[in-house]
Amino acid sequence: MKITLEEANRIAKGALAEAVARNIKINVAVCDVGGRLVAFQRMDDAMWAGAYGSQGKAVASASFGVPSGNLAERAEHPTFRAIREHEGNHMIFGQGAVPILRSGVVIGACGVGGGTGQEDEDCARAGVELL
């Protein structure tokens with residue numbers, strides 16, 4: 001199973017709509033299960049660093065199949081540090097991304113950067129719920 005470009009764009013659109021409703025500016029990244037970027041959107045005036053944050057959180061969520069915030073407590077565990085280092089240091093173990101599941105199988109993740117961790121996660125979840 002894989003995520004299609006059409007699905008990734010639908011998810012990104014939903015995350016952006018939630019950000020508009022909350023009056024925040026975000027970056028949204030949708031990746032496949034391997035952490036490869038499928039779709040990316042950056043709102044006008046969203047902070048540029050959020051582009052990296054959204055992608056890093058999405059990679060972490062897709063890799064472990066859980067919301068990226070659930071990984072924060074384990075970020076400094078030697079095994080998690082080693083995984084992140086060997087993967088290329090793209091993962092961010094902070095709140096703001098949720099996995100995308102199809103029939104209980106992880107097919108990717110949506111990560112958001114630009115708001116608080118909770119706002120980012122809520123926007124990501126709103127996008128994923130459109131699938």
# chains A, B, ... in the order shown; residues from 1 in each chain; ligands from 1
>>> select_by_dssp(residues="stretch 2-129 of chain A", states="helix (DSSP H, G or I)", output="PDB file with N, CA and C atoms, in the first residue's frame")
ATOM      1  N   LEU A   5      -0.240  10.885  -4.727  1.00  0.00           N
ATOM      2  CA  LEU A   5      -0.087  12.334  -4.735  1.00  0.00           C
ATOM      3  C   LEU A   5      -1.428  13.010  -4.461  1.00  0.00           C
ATOM      4  N   GLU A   6      -2.490  12.498  -5.049  1.00  0.00           N
ATOM      5  CA  GLU A   6      -3.817  13.087  -4.831  1.00  0.00           C
ATOM      6  C   GLU A   6      -4.185  13.024  -3.353  1.00  0.00           C
ATOM      7  N   GLU A   7      -3.924  11.901  -2.713  1.00  0.00           N
ATOM      8  CA  GLU A   7      -4.222  11.763  -1.282  1.00  0.00           C
ATOM      9  C   GLU A   7      -3.353  12.693  -0.449  1.00  0.00           C
ATOM     10  N   ALA A   8      -2.078  12.769  -0.785  1.00  0.00           N
ATOM     11  CA  ALA A   8      -1.161  13.644  -0.052  1.00  0.00           C
ATOM     12  C   ALA A   8      -1.586  15.105  -0.172  1.00  0.00           C
ATOM     13  N   ASN A   9      -1.988  15.506  -1.359  1.00  0.00           N
ATOM     14  CA  ASN A   9      -2.450  16.884  -1.545  1.00  0.00           C
ATOM     15  C   ASN A   9      -3.740  17.155  -0.777  1.00  0.00           C
ATOM     16  N   ARG A  10      -4.638  16.174  -0.708  1.00  0.00           N
ATOM     17  CA  ARG A  10      -5.879  16.324   0.056  1.00  0.00           C
ATOM     18  C   ARG A  10      -5.558  16.509   1.546  1.00  0.00           C
ATOM     19  N   ILE A  11      -4.623  15.724   2.040  1.00  0.00           N
ATOM     20  CA  ILE A  11      -4.209  15.836   3.447  1.00  0.00           C
ATOM     21  C   ILE A  11      -3.609  17.216   3.708  1.00  0.00           C
ATOM     22  N   ALA A  12      -2.718  17.650   2.838  1.00  0.00           N
ATOM     23  CA  ALA A  12      -2.086  18.966   3.015  1.00  0.00           C
ATOM     24  C   ALA A  12      -3.143  20.067   3.009  1.00  0.00           C
ATOM     25  N   LYS A  13      -4.083  19.968   2.104  1.00  0.00           N
ATOM     26  CA  LYS A  13      -5.157  20.968   2.018  1.00  0.00           C
ATOM     27  C   LYS A  13      -5.963  21.013   3.312  1.00  0.00           C
ATOM     28  N   GLY A  14      -6.238  19.860   3.890  1.00  0.00           N
ATOM     29  CA  GLY A  14      -6.975  19.825   5.155  1.00  0.00           C
ATOM     30  C   GLY A  14      -6.193  20.440   6.299  1.00  0.00           C
ATOM     31  N   ALA A  15      -4.896  20.196   6.332  1.00  0.00           N
ATOM     32  CA  ALA A  15      -4.049  20.793   7.371  1.00  0.00           C
ATOM     33  C   ALA A  15      -4.011  22.314   7.218  1.00  0.00           C
ATOM     34  N   LEU A  16      -3.913  22.776   5.981  1.00  0.00           N
ATOM     35  CA  LEU A  16      -3.897  24.220   5.735  1.00  0.00           C
ATOM     36  C   LEU A  16      -5.226  24.863   6.131  1.00  0.00           C
ATOM     37  N   ALA A  17      -6.329  24.196   5.849  1.00  0.00           N
ATOM     38  CA  ALA A  17      -7.648  24.725   6.222  1.00  0.00           C
ATOM     39  C   ALA A  17      -7.759  24.873   7.739  1.00  0.00           C
ATOM     40  N   GLU A  18      -7.235  23.885   8.471  1.00  0.00           N
ATOM     41  CA  GLU A  18      -7.256  23.971   9.938  1.00  0.00           C
ATOM     42  C   GLU A  18      -6.399  25.133  10.420  1.00  0.00           C
ATOM     43  N   ALA A  19      -5.263  25.353   9.773  1.00  0.00           N
ATOM     44  CA  ALA A  19      -4.396  26.470  10.145  1.00  0.00           C
ATOM     45  C   ALA A  19      -5.085  27.811   9.909  1.00  0.00           C
ATOM     46  N   VAL A  20      -5.800  27.927   8.803  1.00  0.00           N
ATOM     47  CA  VAL A  20      -6.542  29.159   8.517  1.00  0.00           C
ATOM     48  C   VAL A  20      -7.588  29.378   9.601  1.00  0.00           C
ATOM     49  N   ALA A  21      -8.295  28.322   9.984  1.00  0.00           N
ATOM     50  CA  ALA A  21      -9.319  28.435  11.024  1.00  0.00           C
ATOM     51  C   ALA A  21      -8.719  28.867  12.358  1.00  0.00           C
ATOM     52  N   ARG A  22      -7.473  28.478  12.607  1.00  0.00           N
ATOM     53  CA  ARG A  22      -6.790  28.830  13.862  1.00  0.00           C
ATOM     54  C   ARG A  22      -5.999  30.129  13.751  1.00  0.00           C
ATOM     55  N   GLY A  50      10.094  26.180   9.646  1.00  0.00           N
ATOM     56  CA  GLY A  50       9.030  25.201   9.746  1.00  0.00           C
ATOM     57  C   GLY A  50       9.037  24.208   8.592  1.00  0.00           C
ATOM     58  N   ALA A  51       9.669  24.569   7.492  1.00  0.00           N
ATOM     59  CA  ALA A  51       9.791  23.638   6.362  1.00  0.00           C
ATOM     60  C   ALA A  51      10.587  22.413   6.792  1.00  0.00           C
ATOM     61  N   TYR A  52      11.644  22.624   7.539  1.00  0.00           N
ATOM     62  CA  TYR A  52      12.458  21.511   8.030  1.00  0.00           C
ATOM     63  C   TYR A  52      11.763  20.777   9.162  1.00  0.00           C
ATOM     64  N   GLY A  53      11.128  21.534  10.046  1.00  0.00           N
ATOM     65  CA  GLY A  53      10.436  20.919  11.176  1.00  0.00           C
ATOM     66  C   GLY A  53       9.299  20.020  10.741  1.00  0.00           C
ATOM     67  N   SER A  54       8.505  20.474   9.784  1.00  0.00           N
ATOM     68  CA  SER A  54       7.371  19.677   9.328  1.00  0.00           C
ATOM     69  C   SER A  54       7.845  18.372   8.700  1.00  0.00           C
ATOM     70  N   GLN A  55       8.894  18.437   7.910  1.00  0.00           N
ATOM     71  CA  GLN A  55       9.398  17.233   7.256  1.00  0.00           C
ATOM     72  C   GLN A  55      10.045  16.281   8.266  1.00  0.00           C
ATOM     73  N   GLY A  56      10.819  16.817   9.188  1.00  0.00           N
ATOM     74  CA  GLY A  56      11.485  15.967  10.179  1.00  0.00           C
ATOM     75  C   GLY A  56      10.509  15.250  11.092  1.00  0.00           C
ATOM     76  N   LYS A  57       9.455  15.945  11.482  1.00  0.00           N
ATOM     77  CA  LYS A  57       8.437  15.308  12.317  1.00  0.00           C
ATOM     78  C   LYS A  57       7.671  14.246  11.535  1.00  0.00           C
ATOM     79  N   ALA A  58       7.389  14.523  10.247  1.00  0.00           N
ATOM     80  CA  ALA A  58       6.696  13.532   9.417  1.00  0.00           C
ATOM     81  C   ALA A  58       7.542  12.270   9.252  1.00  0.00           C
ATOM     82  N   VAL A  59       8.839  12.426   9.032  1.00  0.00           N
ATOM     83  CA  VAL A  59       9.728  11.271   8.873  1.00  0.00           C
ATOM     84  C   VAL A  59       9.717  10.416  10.142  1.00  0.00           C
ATOM     85  N   ALA A  60       9.801  11.063  11.306  1.00  0.00           N
ATOM     86  CA  ALA A  60       9.797  10.326  12.570  1.00  0.00           C
ATOM     87  C   ALA A  60       8.479   9.577  12.762  1.00  0.00           C
ATOM     88  N   SER A  61       7.363  10.245  12.491  1.00  0.00           N
ATOM     89  CA  SER A  61       6.057   9.621  12.675  1.00  0.00           C
ATOM     90  C   SER A  61       5.868   8.439  11.735  1.00  0.00           C
ATOM     91  N   ALA A  62       6.261   8.595  10.480  1.00  0.00           N
ATOM     92  CA  ALA A  62       6.132   7.496   9.520  1.00  0.00           C
ATOM     93  C   ALA A  62       7.031   6.322   9.913  1.00  0.00           C
ATOM     94  N   SER A  63       8.209   6.627  10.400  1.00  0.00           N
ATOM     95  CA  SER A  63       9.172   5.573  10.742  1.00  0.00           C
ATOM     96  C   SER A  63       8.712   4.704  11.899  1.00  0.00           C
ATOM     97  N   PHE A  64       8.076   5.315  12.878  1.00  0.00           N
ATOM     98  CA  PHE A  64       7.686   4.577  14.075  1.00  0.00           C
ATOM     99  C   PHE A  64       6.185   4.309  14.161  1.00  0.00           C
ATOM    100  N   SER A  68       4.538  11.969  16.290  1.00  0.00           N
ATOM    101  CA  SER A  68       5.931  12.307  16.586  1.00  0.00           C
ATOM    102  C   SER A  68       6.126  12.785  18.022  1.00  0.00           C
ATOM    103  N   GLY A  69       5.128  13.412  18.608  1.00  0.00           N
ATOM    104  CA  GLY A  69       5.240  13.856  19.991  1.00  0.00           C
ATOM    105  C   GLY A  69       5.379  12.708  20.977  1.00  0.00           C
ATOM    106  N   ASN A  70       4.857  11.532  20.614  1.00  0.00           N
ATOM    107  CA  ASN A  70       4.984  10.354  21.480  1.00  0.00           C
ATOM    108  C   ASN A  70       6.434   9.889  21.584  1.00  0.00           C
ATOM    109  N   LEU A  71       7.284  10.361  20.697  1.00  0.00           N
ATOM    110  CA  LEU A  71       8.680   9.926  20.663  1.00  0.00           C
ATOM    111  C   LEU A  71       9.602  10.860  21.440  1.00  0.00           C
ATOM    112  N   ALA A  72       9.088  12.005  21.865  1.00  0.00           N
ATOM    113  CA  ALA A  72       9.931  13.024  22.495  1.00  0.00           C
ATOM    114  C   ALA A  72      10.676  12.513  23.723  1.00  0.00           C
ATOM    115  N   GLU A  73       9.999  11.751  24.564  1.00  0.00           N
ATOM    116  CA  GLU A  73      10.643  11.254  25.787  1.00  0.00           C
ATOM    117  C   GLU A  73      11.787  10.295  25.493  1.00  0.00           C
ATOM    118  N   ARG A  74      11.727   9.636  24.336  1.00  0.00           N
ATOM    119  CA  ARG A  74      12.747   8.652  23.982  1.00  0.00           C
ATOM    120  C   ARG A  74      13.852   9.227  23.100  1.00  0.00           C
ATOM    121  N   PRO A  78      19.809   5.954  23.731  1.00  0.00           N
ATOM    122  CA  PRO A  78      20.883   5.593  22.783  1.00  0.00           C
ATOM    123  C   PRO A  78      20.380   4.935  21.497  1.00  0.00           C
ATOM    124  N   THR A  79      19.386   4.089  21.592  1.00  0.00           N
ATOM    125  CA  THR A  79      18.881   3.432  20.380  1.00  0.00           C
ATOM    126  C   THR A  79      18.234   4.445  19.446  1.00  0.00           C
ATOM    127  N   PHE A  80      17.421   5.348  19.981  1.00  0.00           N
ATOM    128  CA  PHE A  80      16.774   6.353  19.144  1.00  0.00           C
ATOM    129  C   PHE A  80      17.789   7.323  18.554  1.00  0.00           C
ATOM    130  N   ARG A  81      18.804   7.699  19.343  1.00  0.00           N
ATOM    131  CA  ARG A  81      19.862   8.567  18.811  1.00  0.00           C
ATOM    132  C   ARG A  81      20.589   7.881  17.670  1.00  0.00           C
ATOM    133  N   ALA A  82      20.878   6.598  17.837  1.00  0.00           N
ATOM    134  CA  ALA A  82      21.588   5.851  16.796  1.00  0.00           C
ATOM    135  C   ALA A  82      20.745   5.723  15.529  1.00  0.00           C
ATOM    136  N   ILE A  83      19.461   5.443  15.698  1.00  0.00           N
ATOM    137  CA  ILE A  83      18.575   5.347  14.526  1.00  0.00           C
ATOM    138  C   ILE A  83      18.564   6.676  13.787  1.00  0.00           C
ATOM    139  N   ARG A  84      18.395   7.759  14.522  1.00  0.00           N
ATOM    140  CA  ARG A  84      18.350   9.091  13.894  1.00  0.00           C
ATOM    141  C   ARG A  84      19.663   9.398  13.178  1.00  0.00           C
ATOM    142  N   GLU A  85      20.782   9.096  13.811  1.00  0.00           N
ATOM    143  CA  GLU A  85      22.084   9.368  13.196  1.00  0.00           C
ATOM    144  C   GLU A  85      22.300   8.534  11.940  1.00  0.00           C
ATOM    145  N   HIS A  86      21.998   7.262  11.993  1.00  0.00           N
ATOM    146  CA  HIS A  86      22.206   6.390  10.831  1.00  0.00           C
ATOM    147  C   HIS A  86      21.239   6.703   9.696  1.00  0.00           C
ATOM    148  N   GLU A  87      20.091   7.241  10.037  1.00  0.00           N
ATOM    149  CA  GLU A  87      19.084   7.619   9.043  1.00  0.00           C
ATOM    150  C   GLU A  87      19.481   8.921   8.357  1.00  0.00           C
ATOM    151  N   GLY A 117       3.427  22.986  19.284  1.00  0.00           N
ATOM    152  CA  GLY A 117       3.397  21.552  19.008  1.00  0.00           C
ATOM    153  C   GLY A 117       1.981  21.024  18.915  1.00  0.00           C
ATOM    154  N   GLN A 118       1.122  21.455  19.822  1.00  0.00           N
ATOM    155  CA  GLN A 118      -0.266  20.989  19.810  1.00  0.00           C
ATOM    156  C   GLN A 118      -1.008  21.493  18.584  1.00  0.00           C
ATOM    157  N   GLU A 119      -0.816  22.766  18.222  1.00  0.00           N
ATOM    158  CA  GLU A 119      -1.462  23.302  17.023  1.00  0.00           C
ATOM    159  C   GLU A 119      -0.999  22.545  15.778  1.00  0.00           C
ATOM    160  N   ASP A 120       0.298  22.273  15.725  1.00  0.00           N
ATOM    161  CA  ASP A 120       0.841  21.528  14.580  1.00  0.00           C
ATOM    162  C   ASP A 120       0.202  20.148  14.479  1.00  0.00           C
ATOM    163  N   GLU A 121       0.145  19.450  15.605  1.00  0.00           N
ATOM    164  CA  GLU A 121      -0.451  18.113  15.594  1.00  0.00           C
ATOM    165  C   GLU A 121      -1.929  18.166  15.221  1.00  0.00           C
ATOM    166  N   ASP A 122      -2.641  19.146  15.744  1.00  0.00           N
ATOM    167  CA  ASP A 122      -4.068  19.268  15.428  1.00  0.00           C
ATOM    168  C   ASP A 122      -4.285  19.530  13.935  1.00  0.00           C
ATOM    169  N   CYS A 123      -3.441  20.347  13.331  1.00  0.00           N
ATOM    170  CA  CYS A 123      -3.553  20.609  11.894  1.00  0.00           C
ATOM    171  C   CYS A 123      -3.231  19.352  11.097  1.00  0.00           C
ATOM    172  N   ALA A 124      -2.178  18.642  11.499  1.00  0.00           N
ATOM    173  CA  ALA A 124      -1.815  17.398  10.812  1.00  0.00           C
ATOM    174  C   ALA A 124      -2.952  16.383  10.912  1.00  0.00           C
ATOM    175  N   ARG A 125      -3.518  16.249  12.095  1.00  0.00           N
ATOM    176  CA  ARG A 125      -4.610  15.294  12.305  1.00  0.00           C
ATOM    177  C   ARG A 125      -5.833  15.672  11.467  1.00  0.00           C
ATOM    178  N   ALA A 126      -6.129  16.992  11.374  1.00  0.00           N
ATOM    179  CA  ALA A 126      -7.265  17.432  10.563  1.00  0.00           C
ATOM    180  C   ALA A 126      -7.062  17.056   9.100  1.00  0.00           C
ATOM    181  N   GLY A 127      -5.832  17.155   8.620  1.00  0.00           N
ATOM    182  CA  GLY A 127      -5.559  16.753   7.251  1.00  0.00           C
ATOM    183  C   GLY A 127      -5.703  15.265   7.043  1.00  0.00           C
ATOM    184  N   VAL A 128      -5.136  14.473   7.943  1.00  0.00           N
ATOM    185  CA  VAL A 128      -5.183  13.014   7.816  1.00  0.00           C
ATOM    186  C   VAL A 128      -6.617  12.503   7.914  1.00  0.00           C
TER     187      VAL A 128
END
>>> residues_around(residues="A:Leu101", least_positions_apart="2", cutoff="10 Å", atoms="only C-alpha atoms", output="PyMOL selection string")
chain A and resi 1-3+33+62+65+98-99+103-109+128+131
>>> residues_around(residues="A:Arg42", least_positions_apart="6", cutoff="8 Å", atoms="only C-alpha atoms", output="NGL selection string")
:A and (26-28 or 51)
>>> select_by_dssp(residues="chain A", states="strand (DSSP E or B)", output="PDB file with C-alpha atoms, in the first residue's frame")
ATOM      1  CA  ASN A  27       4.341  24.425   6.647  1.00  0.00           C
ATOM      2  CA  VAL A  28       2.864  20.987   5.954  1.00  0.00           C
ATOM      3  CA  ALA A  29       4.750  17.944   4.710  1.00  0.00           C
ATOM      4  CA  VAL A  30       3.248  14.605   3.705  1.00  0.00           C
ATOM      5  CA  CYS A  31       5.657  11.709   3.300  1.00  0.00           C
ATOM      6  CA  ASP A  32       5.374   8.046   2.411  1.00  0.00           C
ATOM      7  CA  LEU A  37       8.350  13.652   0.644  1.00  0.00           C
ATOM      8  CA  VAL A  38       5.187  13.308  -1.460  1.00  0.00           C
ATOM      9  CA  ALA A  39       3.624  16.764  -0.978  1.00  0.00           C
ATOM     10  CA  PHE A  40       4.673  19.997   0.690  1.00  0.00           C
ATOM     11  CA  GLN A  41       2.943  23.353   1.165  1.00  0.00           C
ATOM     12  CA  ARG A  42       4.151  26.511   2.877  1.00  0.00           C
ATOM     13  CA  ALA A  97       3.064  14.903  13.040  1.00  0.00           C
ATOM     14  CA  VAL A  98       0.701  11.945  12.872  1.00  0.00           C
ATOM     15  CA  PRO A  99       0.939   8.704  10.913  1.00  0.00           C
ATOM     16  CA  ILE A 100      -1.328   7.962   7.977  1.00  0.00           C
ATOM     17  CA  LEU A 101      -2.917   4.527   8.208  1.00  0.00           C
ATOM     18  CA  ARG A 102      -4.774   2.464   5.653  1.00  0.00           C
ATOM     19  CA  VAL A 105      -1.011  -0.248   8.024  1.00  0.00           C
ATOM     20  CA  VAL A 106       1.220   2.852   8.108  1.00  0.00           C
ATOM     21  CA  ILE A 107       1.484   4.330   4.619  1.00  0.00           C
ATOM     22  CA  GLY A 108       3.039   7.666   5.557  1.00  0.00           C
ATOM     23  CA  ALA A 109       2.722  10.651   7.846  1.00  0.00           C
ATOM     24  CA  CYS A 110       1.693  14.288   7.875  1.00  0.00           C
ATOM     25  CA  GLY A 111       3.938  16.742   9.681  1.00  0.00           C
ATOM     26  CA  VAL A 112       3.301  20.396  10.422  1.00  0.00           C
ATOM     27  CA  GLY A 113       5.591  23.189  11.601  1.00  0.00           C
TER      28      GLY A 113
END
>>> atom_distance(atom1="atom CA of A:Ile24", atom2="atom CA of A:Trp48")
13.9 Å
>>> atom_distance(atom1="atom CA of A:Gly94", atom2="atom CA of A:Arg36")
18.5 Å
